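K.L.:
Can you keep this structure in mind? I'll have questions shortly.
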Amino acid sequence: MALEPVRQSHSIVLRHPVERGGACLRGTYCASVEEHPVPVVVFAHGLGSTHWGEKARAYEQACASRGWSFLAVDFRGHGQSDGRISEMRALDWVEDLALMVGEARSRSGGPVFLVGSSQGGWAAAWVSVLQPETVAACALIAPALKLWEWLPLSAAEREAWVRTGRHRIQTEHLDLELPSAMLGEGAAYPFETLLARFHHPVLLFHGMADAVIPAAVSLEFAERCGSVDLRLCLSKTGDHRLTRERHWLAREICHFFADWLSGDQAKGGAEPR
């Protein structure tokens with residue numbers, strides 16, 4: 001009877017170049033000792049979350065069952081990483097995830113798959129667009145693809161955000177402040193550009209009971225984006241966090257990535273677009 005490969009988890013620290021602020025990101029890399037090169041899944045968590053929650057652990061277990069590597073890191077201002085959420089910008093999410101992708105690729109030697117949740121889904125979509133040669137395929141979970149448009153702001157609240165420089169979000173799972181500079185970031189990352197330039201294989205998940213980001217956003221993306229290899233899965237009772245569905249998500253995500261590996265693209269990696 002063959003023994004299963006020994007699995008090891010490593011605490012890792014990633015550092016941005018000094019010219020980019022030099023911030024340190026901290027997270028976890030899991031891999032089977034004997035396997036190299038192997039596919040690696042990179043998990044991008046959502047706003048106000050951390051890299052090692054219930055969903056991340058479920059995804060890591062699914063990767064372990066296939067002998068794949070797994071990397072999850074706290075974004076700046078989150079968990080154990082440097083910075084504060086109140087100082088984050090959209091560019092920070094993209095730069096942080098690009099750094100994670102580079103680390104994952106270097107460690108595993110195999111194709112890189114992205115899994116992004118909520119704001120991390122937005123970052124995963126944009127990293128796929130900006131660095132198409134580094135990402136093989138991705139899975140987006142209740143992704144905030146229209147950036148900050150999901151914030152339910154009245155005209156008075158928007159004016160107060162500009163005047164005070166801060167907007168506080170308080171929900172069942174969040175209590176944080178966002179800087180007013182975020183209001184103008186949508187112009188730098190327009191949804192229409194994302195639709196036109198996104199061509200990667202992608203698996204979309206969304207809960208129809210999501211009270212934060214409507215499932216209609218993922219449906220519109222599925223209908224209009226440039227990818228021809230796209231699957232959309234809806235959960236009628238699923239909320240924004242989709243925690244109850246985490247093990248099902250993990251199985252379906254890994255199955256989707258395994259399908260990519262068995263196809264022709266697996267021989268040469270994702271093609272530049």
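Just remember, in the structure tokens the first chain shown is A, the second B, etc., residues are 1-based per chain, and ligands are 1-based in the order shown.
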If DSSP is run on the backbone, what residues of region 54-226 of chain A are strand (DSSP E)? A reply as number ranges by chain would be ideal.

P.N.:
A: 69-73, 109-117, 137-141, 166-170, 175-179, 202-207

K.L.:
Hey, which bits of region 112-216 of chain A sit within 10 Å of region 68-83 of chain A, and for each residue what's the closest pair of atoms and how far apart in Å (one decimal), counting only C-alpha atoms, rows by chain and increasing number, as a tab-separated table?

P.N.:
```
residue	atom	partner	partner_atom	distance
A:Val112	CA	A:Ser69	CA	9.6
A:Phe113	CA	A:Phe70	CA	9.5
A:Leu114	CA	A:Leu71	CA	9.8
A:Val115	CA	A:Ala72	CA	9.8
A:Gly120	CA	A:Phe75	CA	9.1
```

K.L.:
Residues of the last selection are to be written out with N, CA and C atoms, as a short mmCIF file (atom, residue, chain, number, x, y, z; two decimals), in the first residue's frame.

P.N.:
```cif
data_model
loop_
_atom_site.label_atom_id
_atom_site.label_comp_id
_atom_site.auth_asym_id
_atom_site.auth_seq_id
_atom_site.Cartn_x
_atom_site.Cartn_y
_atom_site.Cartn_z
N VAL A 112 0.08 28.09 -11.85
CA VAL A 112 -0.51 28.82 -10.73
C VAL A 112 -2.00 29.02 -10.98
N PHE A 113 -2.81 28.63 -10.01
CA PHE A 113 -4.25 28.85 -10.04
C PHE A 113 -4.63 29.84 -8.94
N LEU A 114 -5.49 30.79 -9.27
CA LEU A 114 -5.92 31.78 -8.29
C LEU A 114 -7.34 31.48 -7.81
N VAL A 115 -7.55 31.62 -6.51
CA VAL A 115 -8.88 31.56 -5.92
C VAL A 115 -9.06 32.85 -5.13
N GLY A 120 -10.83 39.96 -2.74
CA GLY A 120 -9.75 39.15 -3.28
C GLY A 120 -10.07 38.60 -4.66
#
```

K.L.:
What's the 10 Å shell around region 44-54 of chain A, counting only C-alpha atoms, without same-chain residues fewer than 6 positions away, as a ChimeraX atom specification?

P.N.:
/A:26-28,60,71-75,77-81,85,93,96-97,100,114-124,140-144,173-176,241,243-244,246-247

K.L.:
Just how far from CA of Gly186 (chain A) is CA of Ser218 (chain A), in Å to one decimal?

P.N.:
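That distance, rounded to one decimal, is 17.4 Å.
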
K.L.:
With distances taken over only C-alpha atoms, which of A:Leu151, A:Ala125, A:Ala98, A:Ala181 is nearest to Thr164 (chain A)?

P.N.:
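Looking only at the distances to Thr164 (chain A), the closest residue turns out to be A:Ala181.
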
K.L.:
I need the alpha helix (DSSP H) residues of region 153-215 of chain A per DSSP on the backbone, written as a ChimeraX atom specification.

P.N.:
/A:155-164,191-197,215

K.L.:
Would you export the selected residues with N, CA and C atoms as a tab-separated table (two decimals), in the first residue's frame, please?

P.N.:
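For reference, out-v2.tsv as written:
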```tsv
chain	number	residue	atom	x	y	z
A	155	ALA	N	-26.04	59.99	-1.31
A	155	ALA	CA	-25.28	61.17	-1.70
A	155	ALA	C	-24.70	61.86	-0.46
A	156	ALA	N	-25.47	61.89	0.62
A	156	ALA	CA	-25.00	62.53	1.85
A	156	ALA	C	-23.83	61.76	2.46
A	157	GLU	N	-23.89	60.43	2.42
A	157	GLU	CA	-22.81	59.61	2.97
A	157	GLU	C	-21.54	59.75	2.13
A	158	ARG	N	-21.72	59.83	0.81
A	158	ARG	CA	-20.56	60.02	-0.06
A	158	ARG	C	-19.90	61.38	0.20
A	159	GLU	N	-20.71	62.41	0.36
A	159	GLU	CA	-20.18	63.75	0.65
A	159	GLU	C	-19.45	63.76	1.99
A	160	ALA	N	-20.01	63.07	2.99
A	160	ALA	CA	-19.36	63.00	4.30
A	160	ALA	C	-18.04	62.24	4.22
A	161	TRP	N	-18.00	61.21	3.38
A	161	TRP	CA	-16.77	60.44	3.19
A	161	TRP	C	-15.66	61.35	2.64
A	162	VAL	N	-16.00	62.17	1.66
A	162	VAL	CA	-15.03	63.10	1.08
A	162	VAL	C	-14.62	64.15	2.11
A	163	ARG	N	-15.58	64.67	2.85
A	163	ARG	CA	-15.30	65.75	3.81
A	163	ARG	C	-14.43	65.28	4.97
A	164	THR	N	-14.72	64.10	5.50
A	164	THR	CA	-13.99	63.60	6.66
A	164	THR	C	-12.75	62.79	6.30
A	191	PHE	N	-14.68	48.53	-14.86
A	191	PHE	CA	-15.32	47.23	-15.09
A	191	PHE	C	-15.35	46.89	-16.57
A	192	GLU	N	-15.58	47.87	-17.42
A	192	GLU	CA	-15.64	47.62	-18.86
A	192	GLU	C	-14.30	47.10	-19.40
A	193	THR	N	-13.20	47.63	-18.87
A	193	THR	CA	-11.88	47.15	-19.29
A	193	THR	C	-11.66	45.72	-18.83
A	194	LEU	N	-12.08	45.41	-17.62
A	194	LEU	CA	-11.96	44.05	-17.12
A	194	LEU	C	-12.74	43.08	-18.00
A	195	LEU	N	-13.96	43.47	-18.39
A	195	LEU	CA	-14.77	42.62	-19.26
A	195	LEU	C	-14.07	42.35	-20.59
A	196	ALA	N	-13.47	43.38	-21.16
A	196	ALA	CA	-12.84	43.26	-22.47
A	196	ALA	C	-11.56	42.45	-22.45
A	197	ARG	N	-10.81	42.54	-21.35
A	197	ARG	CA	-9.47	41.96	-21.32
A	197	ARG	C	-9.37	40.62	-20.60
A	215	ALA	N	-25.66	38.81	-6.79
A	215	ALA	CA	-25.26	37.77	-7.73
A	215	ALA	C	-25.34	38.26	-9.17
```

K.L.:
One decimal, Å: what's the distance from CA of Val127 (chain A) over to CA of Ile169 (chain A), could you say?

P.N.:
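Interatomic distance here is 26.0 Å.
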
K.L.:
Report as a Markdown table: every residue of region 183-203 of chain A with an atom at most 9 Å from region 132-135 of chain A, its closest pair of atoms, and their distance in Å to one decimal, counting only C-alpha atoms, with rows sorted by chain and ascending residue number.

P.N.:
```
| residue | atom | partner | partner_atom | distance |
| --- | --- | --- | --- | --- |
| A:Phe198 | CA | A:Pro132 | CA | 8.9 |
| A:His199 | CA | A:Pro132 | CA | 8.7 |
| A:His200 | CA | A:Pro132 | CA | 7.8 |
```

K.L.:
Residues of the last selection are to be written out with C-alpha atoms, as a PDB file, in the first residue's frame.

P.N.:
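Output saved as again_36.pdb:
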```
ATOM      1  CA  PHE A 198     -10.365  38.978 -19.181  1.00  0.00           C
ATOM      2  CA  HIS A 199      -9.878  35.759 -21.185  1.00  0.00           C
ATOM      3  CA  HIS A 200      -8.760  33.199 -18.594  1.00  0.00           C
TER       4      HIS A 200
END
```

K.L.:
Could you name the residues that touch Ser180 (chain A) at 7 Å or less, counting only C-alpha atoms, but leaving out those on the same chain fewer than 2 positions away, as a list in words?

P.N.:
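The contact residues come out as Trp161, Val162, Gly165, Arg166, Leu178, Met182 and Leu183 of chain A.
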
K.L.:
Next, dump the selected residues to file, keeping only C-alpha atoms, as a tab-separated table (two decimals), in the first residue's frame.

P.N.:
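The result, stored in again-v2.tsv:
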```tsv
chain	number	residue	atom	x	y	z
A	161	TRP	CA	-16.77	60.44	3.19
A	162	VAL	CA	-15.03	63.10	1.08
A	165	GLY	CA	-11.61	61.47	4.63
A	166	ARG	CA	-13.01	58.28	6.18
A	178	LEU	CA	-11.90	53.18	4.41
A	182	MET	CA	-10.77	54.88	-2.62
A	183	LEU	CA	-13.69	56.76	-4.15
```
